[in-house]
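Pasted below: run.cif, mmCIF, C-alpha atoms; chains and numbers go by the auth columns.
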data_entry
#
loop_
_atom_site.group_PDB
_atom_site.id
_atom_site.type_symbol
_atom_site.label_atom_id
_atom_site.label_comp_id
_atom_site.label_asym_id
_atom_site.label_seq_id
_atom_site.Cartn_x
_atom_site.Cartn_y
_atom_site.Cartn_z
_atom_site.B_iso_or_equiv
_atom_site.auth_seq_id
_atom_site.auth_asym_id
ATOM 1 C CA ASP A 1 -11.947 -68.077 50.462 0.00 215 K
ATOM 2 C CA ARG A 2 -10.914 -67.272 54.017 0.00 216 K
ATOM 3 C CA TYR A 3 -12.200 -63.724 53.970 0.00 217 K
ATOM 4 C CA PHE A 4 -14.847 -63.143 51.393 0.00 218 K
ATOM 5 C CA MET A 5 -16.750 -66.315 50.678 0.00 219 K
ATOM 6 C CA GLY A 6 -19.658 -67.763 52.530 0.00 220 K
ATOM 7 C CA LYS A 7 -22.616 -66.474 54.405 0.00 221 K
ATOM 8 C CA GLY A 8 -23.471 -66.625 58.056 0.00 222 K
ATOM 9 C CA GLU A 9 -20.613 -67.537 60.347 0.00 223 K
ATOM 10 C CA ARG A 10 -18.127 -67.847 57.461 0.00 224 K
ATOM 11 C CA SER A 11 -18.770 -64.362 56.122 0.00 225 K
ATOM 12 C CA GLN A 12 -16.360 -61.526 56.806 0.00 226 K
ATOM 13 C CA TYR A 13 -19.322 -59.147 56.747 0.00 227 K
ATOM 14 C CA SER A 14 -21.229 -58.206 59.876 0.00 228 K
ATOM 15 C CA ARG A 15 -24.867 -59.148 60.057 0.00 229 K
ATOM 16 C CA SER A 16 -25.761 -55.664 61.228 0.00 230 K
ATOM 17 C CA TYR A 17 -24.127 -52.327 61.910 0.00 231 K
ATOM 18 C CA SER A 18 -24.756 -49.678 64.525 0.00 232 K
ATOM 19 C CA ALA A 19 -26.108 -46.273 63.535 0.00 233 K
ATOM 20 C CA GLU A 20 -22.622 -44.875 64.137 0.00 234 K
ATOM 21 C CA GLU A 21 -21.047 -47.399 61.748 0.00 235 K
ATOM 22 C CA ILE A 22 -23.629 -46.617 59.070 0.00 236 K
ATOM 23 C CA GLU A 23 -22.930 -42.894 59.542 0.00 237 K
ATOM 24 C CA HIS A 24 -19.235 -43.629 59.028 0.00 238 K
ATOM 25 C CA THR A 25 -20.018 -45.044 55.579 0.00 239 K
ATOM 26 C CA ALA A 26 -22.031 -41.902 54.802 0.00 240 K
ATOM 27 C CA LEU A 27 -18.992 -39.811 55.763 0.00 241 K
ATOM 28 C CA ALA A 28 -16.959 -41.621 53.107 0.00 242 K
ATOM 29 C CA VAL A 29 -19.517 -40.661 50.457 0.00 243 K
ATOM 30 C CA ARG A 30 -19.522 -37.034 51.618 0.00 244 K
ATOM 31 C CA GLU A 31 -15.720 -36.986 51.535 0.00 245 K
ATOM 32 C CA ILE A 32 -15.704 -38.381 48.006 0.00 246 K
ATOM 33 C CA LEU A 33 -18.212 -35.801 46.807 0.00 247 K
ATOM 34 C CA ALA A 34 -16.315 -32.941 48.460 0.00 248 K
ATOM 35 C CA HIS A 35 -13.479 -33.666 46.014 0.00 249 K
ATOM 36 C CA SER A 36 -15.559 -34.708 43.032 0.00 250 K
ATOM 37 C CA ARG A 37 -17.617 -32.932 40.426 0.00 251 K
ATOM 38 C CA PRO A 38 -20.586 -30.877 41.630 0.00 252 K
ATOM 39 C CA LYS A 39 -23.225 -32.857 39.726 0.00 253 K
ATOM 40 C CA PRO A 40 -23.796 -36.621 39.587 0.00 254 K
ATOM 41 C CA GLY A 41 -22.156 -38.659 36.866 0.00 255 K
ATOM 42 C CA ARG A 42 -21.025 -42.243 36.468 0.00 256 K
ATOM 43 C CA ALA A 43 -19.170 -44.020 39.288 0.00 257 K
ATOM 44 C CA TYR A 44 -17.299 -47.334 39.399 0.00 258 K
ATOM 45 C CA GLU A 45 -16.141 -49.080 42.574 0.00 259 K
ATOM 46 C CA ALA A 46 -13.533 -51.833 42.548 0.00 260 K
ATOM 47 C CA GLY A 47 -14.051 -54.093 45.557 0.00 261 K
ATOM 48 C CA CYS A 48 -17.420 -52.673 46.566 0.00 262 K
ATOM 49 C CA GLY A 49 -17.938 -55.086 49.481 0.00 263 K
ATOM 50 C CA GLU A 50 -21.302 -54.442 51.077 0.00 264 K
ATOM 51 C CA GLY A 51 -22.142 -51.653 48.637 0.00 265 K
ATOM 52 C CA PHE A 52 -22.489 -48.765 51.082 0.00 266 K
ATOM 53 C CA ILE A 53 -20.524 -46.309 48.927 0.00 267 K
ATOM 54 C CA LEU A 54 -22.373 -47.325 45.769 0.00 268 K
ATOM 55 C CA LYS A 55 -25.708 -46.969 47.576 0.00 269 K
ATOM 56 C CA GLY A 56 -24.811 -43.532 48.901 0.00 270 K
ATOM 57 C CA LEU A 57 -23.788 -42.347 45.456 0.00 271 K
ATOM 58 C CA ARG A 58 -26.835 -43.857 43.749 0.00 272 K
ATOM 59 C CA ASP A 59 -29.139 -42.244 46.316 0.00 273 K
ATOM 60 C CA LEU A 60 -27.630 -38.905 45.251 0.00 274 K
ATOM 61 C CA GLY A 61 -28.316 -39.521 41.568 0.00 275 K
ATOM 62 C CA TRP A 62 -25.100 -41.142 40.392 0.00 276 K
ATOM 63 C CA GLN A 63 -25.158 -44.019 37.907 0.00 277 K
ATOM 64 C CA VAL A 64 -23.126 -46.701 39.669 0.00 278 K
ATOM 65 C CA ARG A 65 -21.353 -49.910 38.790 0.00 279 K
ATOM 66 C CA GLY A 66 -19.214 -52.118 41.004 0.00 280 K
ATOM 67 C CA VAL A 67 -17.238 -55.322 41.099 0.00 281 K
ATOM 68 C CA ASP A 68 -16.338 -57.641 43.955 0.00 282 K
ATOM 69 C CA VAL A 69 -15.195 -61.226 44.408 0.00 283 K
ATOM 70 C CA THR A 70 -18.542 -62.045 46.034 0.00 284 K
ATOM 71 C CA ILE A 71 -22.071 -60.674 46.155 0.00 285 K
ATOM 72 C CA ASP A 72 -22.540 -61.757 49.791 0.00 286 K
ATOM 73 C CA GLY A 73 -21.992 -58.329 51.361 0.00 287 K
ATOM 74 C CA VAL A 74 -24.345 -56.597 48.932 0.00 288 K
ATOM 75 C CA GLU A 75 -26.990 -59.272 49.428 0.00 289 K
ATOM 76 C CA MET A 76 -26.830 -58.823 53.204 0.00 290 K
ATOM 77 C CA HIS A 77 -26.834 -55.034 53.348 0.00 291 K
ATOM 78 C CA ASN A 78 -27.848 -53.457 50.033 0.00 292 K
ATOM 79 C CA PRO A 79 -29.645 -56.107 47.960 0.00 293 K
ATOM 80 C CA GLU A 80 -31.164 -53.429 45.728 0.00 294 K
ATOM 81 C CA LEU A 81 -27.679 -53.054 44.193 0.00 295 K
ATOM 82 C CA ARG A 82 -27.500 -56.629 42.804 0.00 296 K
ATOM 83 C CA ASP A 83 -28.198 -55.298 39.307 0.00 297 K
ATOM 84 C CA VAL A 84 -25.157 -52.995 39.314 0.00 298 K
ATOM 85 C CA VAL A 85 -22.552 -55.227 41.001 0.00 299 K
ATOM 86 C CA ASP A 86 -20.648 -57.842 39.031 0.00 300 K
ATOM 87 C CA VAL A 87 -18.956 -60.810 40.704 0.00 301 K
ATOM 88 C CA ALA A 88 -15.608 -61.227 38.978 0.00 302 K
ATOM 89 C CA ASP A 89 -11.855 -61.011 39.253 0.00 303 K
ATOM 90 C CA VAL A 90 -11.263 -57.272 39.599 0.00 304 K
ATOM 91 C CA PHE A 91 -8.339 -57.207 37.120 0.00 305 K
ATOM 92 C CA GLU A 92 -10.324 -59.061 34.455 0.00 306 K
ATOM 93 C CA HIS A 93 -13.424 -56.941 35.033 0.00 307 K
ATOM 94 C CA ILE A 94 -11.497 -53.705 34.641 0.00 308 K
ATOM 95 C CA ASP A 95 -9.904 -55.017 31.436 0.00 309 K
ATOM 96 C CA GLU A 96 -13.408 -55.765 30.110 0.00 310 K
ATOM 97 C CA MET A 97 -14.572 -52.281 31.053 0.00 311 K
ATOM 98 C CA ILE A 98 -11.555 -50.703 29.339 0.00 312 K
ATOM 99 C CA SER A 99 -12.133 -52.826 26.208 0.00 313 K
ATOM 100 C CA ALA A 100 -15.792 -51.756 26.173 0.00 314 K
ATOM 101 C CA ASN A 101 -14.611 -48.123 26.356 0.00 315 K
ATOM 102 C CA GLN A 102 -16.487 -47.563 29.639 0.00 316 K
ATOM 103 C CA ARG A 103 -15.465 -44.331 31.339 0.00 317 K
ATOM 104 C CA PHE A 104 -16.440 -42.870 34.686 0.00 318 K
ATOM 105 C CA GLU A 105 -16.271 -39.467 36.326 0.00 319 K
ATOM 106 C CA LEU A 106 -15.508 -41.195 39.613 0.00 320 K
ATOM 107 C CA VAL A 107 -13.580 -44.400 40.354 0.00 321 K
ATOM 108 C CA VAL A 108 -13.370 -45.666 43.942 0.00 322 K
ATOM 109 C CA CYS A 109 -10.936 -48.249 45.297 0.00 323 K
ATOM 110 C CA ASN A 110 -11.492 -48.473 49.050 0.00 324 K
ATOM 111 C CA HIS A 111 -9.184 -50.817 51.000 0.00 325 K
ATOM 112 C CA VAL A 112 -8.472 -53.103 48.046 0.00 326 K
ATOM 113 C CA LEU A 113 -4.906 -52.281 46.961 0.00 327 K
ATOM 114 C CA GLU A 114 -3.432 -53.841 50.098 0.00 328 K
ATOM 115 C CA HIS A 115 -5.158 -57.148 49.298 0.00 329 K
ATOM 116 C CA VAL A 116 -3.941 -57.723 45.735 0.00 330 K
ATOM 117 C CA ILE A 117 -0.623 -59.122 44.586 0.00 331 K
ATOM 118 C CA ASP A 118 -0.014 -56.314 42.080 0.00 332 K
ATOM 119 C CA PRO A 119 -1.453 -53.050 43.449 0.00 333 K
ATOM 120 C CA VAL A 120 0.522 -50.868 41.020 0.00 334 K
ATOM 121 C CA THR A 121 -1.057 -52.569 38.001 0.00 335 K
ATOM 122 C CA LEU A 122 -4.518 -52.378 39.573 0.00 336 K
ATOM 123 C CA ALA A 123 -4.142 -48.643 40.209 0.00 337 K
ATOM 124 C CA ALA A 124 -2.910 -48.039 36.662 0.00 338 K
ATOM 125 C CA LYS A 125 -5.848 -49.974 35.200 0.00 339 K
ATOM 126 C CA LEU A 126 -8.388 -48.092 37.318 0.00 340 K
ATOM 127 C CA VAL A 127 -7.043 -44.740 36.179 0.00 341 K
ATOM 128 C CA ARG A 128 -7.682 -45.831 32.577 0.00 342 K
ATOM 129 C CA LEU A 129 -11.413 -45.965 33.406 0.00 343 K
ATOM 130 C CA LEU A 130 -11.537 -42.233 34.149 0.00 344 K
ATOM 131 C CA THR A 131 -12.994 -39.560 31.934 0.00 345 K
ATOM 132 C CA ASP A 132 -10.661 -36.652 31.194 0.00 346 K
ATOM 133 C CA ASP A 133 -12.043 -34.729 34.175 0.00 347 K
ATOM 134 C CA GLY A 134 -12.568 -37.807 36.355 0.00 348 K
ATOM 135 C CA ILE A 135 -11.303 -38.428 39.858 0.00 349 K
ATOM 136 C CA CYS A 136 -9.983 -41.672 41.300 0.00 350 K
ATOM 137 C CA ARG A 137 -10.169 -42.167 45.074 0.00 351 K
ATOM 138 C CA PHE A 138 -7.816 -44.730 46.578 0.00 352 K
ATOM 139 C CA VAL A 139 -7.956 -45.553 50.293 0.00 353 K
ATOM 140 C CA VAL A 140 -5.394 -47.806 51.959 0.00 354 K
ATOM 141 C CA PRO A 141 -4.515 -48.440 55.604 0.00 355 K
ATOM 142 C CA ASN A 142 -2.192 -45.938 57.170 0.00 356 K
ATOM 143 C CA ASP A 143 0.216 -48.661 58.248 0.00 357 K
ATOM 144 C CA GLY A 144 3.109 -47.353 60.265 0.00 358 K
ATOM 145 C CA SER A 145 1.198 -44.203 61.181 0.00 359 K
ATOM 146 C CA VAL A 146 2.034 -42.114 64.232 0.00 360 K
ATOM 147 C CA LEU A 147 -0.996 -43.644 65.970 0.00 361 K
ATOM 148 C CA GLN A 148 0.134 -47.202 65.271 0.00 362 K
ATOM 149 C CA GLN A 149 3.672 -46.392 66.355 0.00 363 K
ATOM 150 C CA GLU A 150 2.335 -44.997 69.640 0.00 364 K
ATOM 151 C CA ILE A 151 0.203 -48.093 70.229 0.00 365 K
ATOM 152 C CA VAL A 152 3.308 -50.270 69.801 0.00 366 K
ATOM 153 C CA ARG A 153 5.431 -47.935 71.974 0.00 367 K
ATOM 154 C CA ARG A 154 2.895 -48.238 74.796 0.00 368 K
ATOM 155 C CA GLY A 155 2.958 -52.019 74.532 0.00 369 K
ATOM 156 C CA MET A 156 -0.688 -52.180 73.479 0.00 370 K
ATOM 157 C CA ALA A 157 0.131 -54.177 70.326 0.00 371 K
ATOM 158 C CA ALA A 158 2.912 -56.261 68.903 0.00 372 K
ATOM 159 C CA GLU A 159 5.308 -54.450 66.621 0.00 373 K
ATOM 160 C CA ARG A 160 4.091 -54.357 63.020 0.00 374 K
ATOM 161 C CA TYR A 161 0.892 -56.193 63.958 0.00 375 K
ATOM 162 C CA TRP A 162 -0.819 -54.757 60.898 0.00 376 K
ATOM 163 C CA VAL A 163 1.431 -56.548 58.416 0.00 377 K
ATOM 164 C CA ARG A 164 -0.018 -60.018 57.855 0.00 378 K
ATOM 165 C CA TYR A 165 1.716 -61.553 54.869 0.00 379 K
ATOM 166 C CA PRO A 166 0.377 -62.754 52.497 0.00 380 K
ATOM 167 C CA ASP A 167 -3.060 -61.402 53.430 0.00 381 K
ATOM 168 C CA HIS A 168 -2.221 -57.746 53.895 0.00 382 K
#
Let me see the file written as structure tokens.
Amino acid sequence: DRYFMGKGERSQYSRSYSAEEIEHTALAVREILAHSRPKPGRAYEAGCGEGFILKGLRDLGWQVRGVDVTIDGVEMHNPELRDVVDVADVFEHIDEMISANQRFELVVCNHVLEHVIDPVTLAAKLVRLLTDDGICRFVVPNDGSVLQQEIVRRGMAAERYWVRYPDH
């Protein structure tokens, strides 16, 4: 409830983004496609947030489907995706998709694993949604990276500031 529920002041989502921030989301789509199949297929995103990746893929001809704990981000930024985003518990939704024998050439899980209690199980379930030639893209924070270590060394941040149990 703290992070993902509510609109307006309670929402974790920004009301608007700069052109540079929007371009950053487009870079993620280009990165995904650089490692994916050459022609559009079916894509599934677990924790699709505001829907920028789904929108980018759909604009390029992909059939998309997503799940998130709220529709708020999609409604604010990509309301045309309401018909392809389900509001549900991600674990339960994936189980339903597996049971329905849904398979995708691309599965995206962008900054979600660090927010769930059992990331190993979530990753294993997502892989089961892939076609034989499918690709799964996981993105997680680079906690403890050289950059973060340097920021701490210079006294610009408290040590291990990025670990916020139980949130992250």
key: the PyMOL selection byres ((chain K and resi 236) around 12) resolved against shown file, as a ChimeraX atom specification   = /K:228,230-235,237-243,264-267,269-270,291
Considering all atoms listed in the file, tabulate each residue of region 216-295 of chain K that lies at most 6 Å from region 317-327 of chain K along with its nearest interatomic pair and the corresponding distance in Å to one decimal; arrange the rows by chain and ascending residue number and present them as a tab-separated table.
residue	atom	partner	partner_atom	distance
K:Gly255	CA	K:Glu319	CA	6.0
K:Arg256	CA	K:Phe318	CA	5.0
K:Ala257	CA	K:Leu320	CA	4.6
K:Tyr258	CA	K:Val321	CA	4.8
K:Glu259	CA	K:Val322	CA	4.6
K:Ala260	CA	K:Cys323	CA	5.2
Please report as a tab-separated table every residue of region 295-377 of chain K lying within 9 Å of region 286-290 of chain K, along with the nearest atom pair and their distance in Å (one decimal), using only C-alpha atoms.
residue	atom	partner	partner_atom	distance
K:Leu295	CA	K:Val288	CA	6.8
K:Arg296	CA	K:Val288	CA	6.9
K:Val299	CA	K:Val288	CA	8.2
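The residues returned by the PyMOL selection byres ((chain K and resi 284) around 8) for this structure are K:Phe218, K:Met219, K:Gly263, K:Asp282, K:Val283, K:Ile285, K:Asp286, K:Gly287, K:Val301, K:Ala302.
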task = Check what the PyMOL selection byres ((chain K and resi 309) around 12) selects in the file above and give those residues as a ChimeraX atom specification.
result = /K:302-308,310-316,335-336,338-343
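If you look at CA of Arg272 (chain K) and CA of Pro254 (chain K), they are 8.9 Å away from each other.
The interatomic distance for the pair CA of Arg351 (chain K) and CA of Glu373 (chain K) works out to 29.2 Å.
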key: Atom-to-atom span, CA of Val330 (chain K) and CA of Val281 (chain K), Å   = 14.3 Å
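Take the candidates K:Pro333, K:Pro252, K:Gly348, K:Gly280 and check each one against Leu268 (chain K) using only C-alpha atoms; the shortest distance goes to K:Gly280.
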key: Among listed residues K:Pro355, K:Ala372, K:Gly261, K:Ile349, nearest Ala248 (chain K) (using all atoms listed in the file)   = K:Ile349
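For the residues K:Val366, K:Cys350, K:Ile331, K:Ala371, ranking by smallest atom-to-atom distance to Ser250 (chain K) using all atoms listed in the file places K:Cys350 first.
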Mind completing region 305-331 of chain K with N, CA, C and O atoms? Output as a PDB file, keeping the file's coordinate frame, please?
ATOM      1  N   PHE K 305      -9.233 -57.531  38.238  1.00  0.00           N
ATOM      2  CA  PHE K 305      -8.339 -57.207  37.120  1.00  0.00           C
ATOM      3  C   PHE K 305      -9.026 -57.507  35.788  1.00  0.00           C
ATOM      4  O   PHE K 305      -8.994 -56.697  34.865  1.00  0.00           O
ATOM      5  N   GLU K 306      -9.643 -58.678  35.696  1.00  0.00           N
ATOM      6  CA  GLU K 306     -10.324 -59.061  34.455  1.00  0.00           C
ATOM      7  C   GLU K 306     -11.514 -58.152  34.169  1.00  0.00           C
ATOM      8  O   GLU K 306     -11.756 -57.762  33.026  1.00  0.00           O
ATOM      9  N   HIS K 307     -12.253 -57.805  35.204  1.00  0.00           N
ATOM     10  CA  HIS K 307     -13.424 -56.941  35.033  1.00  0.00           C
ATOM     11  C   HIS K 307     -13.013 -55.569  34.512  1.00  0.00           C
ATOM     12  O   HIS K 307     -13.642 -55.021  33.600  1.00  0.00           O
ATOM     13  N   ILE K 308     -11.966 -55.018  35.090  1.00  0.00           N
ATOM     14  CA  ILE K 308     -11.497 -53.705  34.641  1.00  0.00           C
ATOM     15  C   ILE K 308     -11.028 -53.780  33.196  1.00  0.00           C
ATOM     16  O   ILE K 308     -11.329 -52.888  32.394  1.00  0.00           O
ATOM     17  N   ASP K 309     -10.319 -54.847  32.839  1.00  0.00           N
ATOM     18  CA  ASP K 309      -9.904 -55.017  31.436  1.00  0.00           C
ATOM     19  C   ASP K 309     -11.114 -55.039  30.507  1.00  0.00           C
ATOM     20  O   ASP K 309     -11.097 -54.432  29.432  1.00  0.00           O
ATOM     21  N   GLU K 310     -12.183 -55.731  30.921  1.00  0.00           N
ATOM     22  CA  GLU K 310     -13.408 -55.765  30.110  1.00  0.00           C
ATOM     23  C   GLU K 310     -14.020 -54.378  29.983  1.00  0.00           C
ATOM     24  O   GLU K 310     -14.483 -53.993  28.910  1.00  0.00           O
ATOM     25  N   MET K 311     -14.019 -53.629  31.074  1.00  0.00           N
ATOM     26  CA  MET K 311     -14.572 -52.281  31.053  1.00  0.00           C
ATOM     27  C   MET K 311     -13.747 -51.369  30.140  1.00  0.00           C
ATOM     28  O   MET K 311     -14.297 -50.579  29.374  1.00  0.00           O
ATOM     29  N   ILE K 312     -12.430 -51.499  30.201  1.00  0.00           N
ATOM     30  CA  ILE K 312     -11.555 -50.703  29.339  1.00  0.00           C
ATOM     31  C   ILE K 312     -11.812 -51.069  27.880  1.00  0.00           C
ATOM     32  O   ILE K 312     -11.968 -50.187  27.024  1.00  0.00           O
ATOM     33  N   SER K 313     -11.886 -52.365  27.584  1.00  0.00           N
ATOM     34  CA  SER K 313     -12.133 -52.826  26.208  1.00  0.00           C
ATOM     35  C   SER K 313     -13.475 -52.340  25.684  1.00  0.00           C
ATOM     36  O   SER K 313     -13.621 -52.050  24.495  1.00  0.00           O
ATOM     37  N   ALA K 314     -14.462 -52.225  26.569  1.00  0.00           N
ATOM     38  CA  ALA K 314     -15.792 -51.756  26.173  1.00  0.00           C
ATOM     39  C   ALA K 314     -15.858 -50.225  26.155  1.00  0.00           C
ATOM     40  O   ALA K 314     -16.922 -49.653  25.952  1.00  0.00           O
ATOM     41  N   ASN K 315     -14.715 -49.586  26.367  1.00  0.00           N
ATOM     42  CA  ASN K 315     -14.611 -48.123  26.356  1.00  0.00           C
ATOM     43  C   ASN K 315     -15.522 -47.467  27.403  1.00  0.00           C
ATOM     44  O   ASN K 315     -16.054 -46.384  27.178  1.00  0.00           O
ATOM     45  N   GLN K 316     -15.705 -48.132  28.537  1.00  0.00           N
ATOM     46  CA  GLN K 316     -16.487 -47.563  29.639  1.00  0.00           C
ATOM     47  C   GLN K 316     -15.620 -46.537  30.367  1.00  0.00           C
ATOM     48  O   GLN K 316     -14.452 -46.795  30.670  1.00  0.00           O
ATOM     49  N   ARG K 317     -16.186 -45.385  30.625  1.00  0.00           N
ATOM     50  CA  ARG K 317     -15.465 -44.331  31.339  1.00  0.00           C
ATOM     51  C   ARG K 317     -16.361 -43.769  32.432  1.00  0.00           C
ATOM     52  O   ARG K 317     -17.575 -43.703  32.291  1.00  0.00           O
ATOM     53  N   PHE K 318     -15.717 -43.329  33.512  1.00  0.00           N
ATOM     54  CA  PHE K 318     -16.440 -42.870  34.686  1.00  0.00           C
ATOM     55  C   PHE K 318     -15.852 -41.556  35.191  1.00  0.00           C
ATOM     56  O   PHE K 318     -14.645 -41.350  35.129  1.00  0.00           O
ATOM     57  N   GLU K 319     -16.725 -40.720  35.716  1.00  0.00           N
ATOM     58  CA  GLU K 319     -16.271 -39.467  36.326  1.00  0.00           C
ATOM     59  C   GLU K 319     -15.676 -39.707  37.707  1.00  0.00           C
ATOM     60  O   GLU K 319     -14.916 -38.890  38.217  1.00  0.00           O
ATOM     61  N   LEU K 320     -16.010 -40.858  38.291  1.00  0.00           N
ATOM     62  CA  LEU K 320     -15.508 -41.195  39.613  1.00  0.00           C
ATOM     63  C   LEU K 320     -15.189 -42.682  39.657  1.00  0.00           C
ATOM     64  O   LEU K 320     -16.012 -43.513  39.280  1.00  0.00           O
ATOM     65  N   VAL K 321     -13.989 -43.017  40.126  1.00  0.00           N
ATOM     66  CA  VAL K 321     -13.580 -44.400  40.354  1.00  0.00           C
ATOM     67  C   VAL K 321     -13.132 -44.496  41.810  1.00  0.00           C
ATOM     68  O   VAL K 321     -12.342 -43.674  42.278  1.00  0.00           O
ATOM     69  N   VAL K 322     -13.661 -45.489  42.518  1.00  0.00           N
ATOM     70  CA  VAL K 322     -13.370 -45.666  43.942  1.00  0.00           C
ATOM     71  C   VAL K 322     -12.708 -47.019  44.150  1.00  0.00           C
ATOM     72  O   VAL K 322     -13.156 -48.039  43.619  1.00  0.00           O
ATOM     73  N   CYS K 323     -11.638 -47.018  44.934  1.00  0.00           N
ATOM     74  CA  CYS K 323     -10.936 -48.249  45.297  1.00  0.00           C
ATOM     75  C   CYS K 323     -10.624 -48.134  46.791  1.00  0.00           C
ATOM     76  O   CYS K 323      -9.620 -47.548  47.192  1.00  0.00           O
ATOM     77  N   ASN K 324     -11.522 -48.672  47.609  1.00  0.00           N
ATOM     78  CA  ASN K 324     -11.492 -48.473  49.050  1.00  0.00           C
ATOM     79  C   ASN K 324     -11.002 -49.737  49.751  1.00  0.00           C
ATOM     80  O   ASN K 324     -11.712 -50.731  49.808  1.00  0.00           O
ATOM     81  N   HIS K 325      -9.784 -49.692  50.273  1.00  0.00           N
ATOM     82  CA  HIS K 325      -9.184 -50.817  51.000  1.00  0.00           C
ATOM     83  C   HIS K 325      -9.152 -52.096  50.160  1.00  0.00           C
ATOM     84  O   HIS K 325      -9.572 -53.166  50.608  1.00  0.00           O
ATOM     85  N   VAL K 326      -8.633 -51.964  48.949  1.00  0.00           N
ATOM     86  CA  VAL K 326      -8.472 -53.103  48.046  1.00  0.00           C
ATOM     87  C   VAL K 326      -7.003 -53.281  47.671  1.00  0.00           C
ATOM     88  O   VAL K 326      -6.506 -54.400  47.621  1.00  0.00           O
ATOM     89  N   LEU K 327      -6.294 -52.183  47.429  1.00  0.00           N
ATOM     90  CA  LEU K 327      -4.906 -52.281  46.961  1.00  0.00           C
ATOM     91  C   LEU K 327      -4.031 -53.138  47.875  1.00  0.00           C
ATOM     92  O   LEU K 327      -3.160 -53.870  47.399  1.00  0.00           O
ATOM     93  N   GLU K 328      -4.269 -53.081  49.165  1.00  0.00           N
ATOM     94  CA  GLU K 328      -3.432 -53.841  50.098  1.00  0.00           C
ATOM     95  C   GLU K 328      -3.742 -55.331  50.093  1.00  0.00           C
ATOM     96  O   GLU K 328      -3.041 -56.109  50.737  1.00  0.00           O
ATOM     97  N   HIS K 329      -4.775 -55.739  49.348  1.00  0.00           N
ATOM     98  CA  HIS K 329      -5.158 -57.148  49.298  1.00  0.00           C
ATOM     99  C   HIS K 329      -4.791 -57.842  47.996  1.00  0.00           C
ATOM    100  O   HIS K 329      -5.018 -59.045  47.873  1.00  0.00           O
ATOM    101  N   VAL K 330      -4.271 -57.107  47.024  1.00  0.00           N
ATOM    102  CA  VAL K 330      -3.941 -57.723  45.735  1.00  0.00           C
ATOM    103  C   VAL K 330      -2.435 -57.882  45.590  1.00  0.00           C
ATOM    104  O   VAL K 330      -1.659 -57.148  46.193  1.00  0.00           O
ATOM    105  N   ILE K 331      -2.046 -58.838  44.775  1.00  0.00           N
ATOM    106  CA  ILE K 331      -0.623 -59.122  44.586  1.00  0.00           C
ATOM    107  C   ILE K 331       0.083 -58.008  43.832  1.00  0.00           C
ATOM    108  O   ILE K 331       1.229 -57.706  44.094  1.00  0.00           O
TER     109      ILE K 331
END
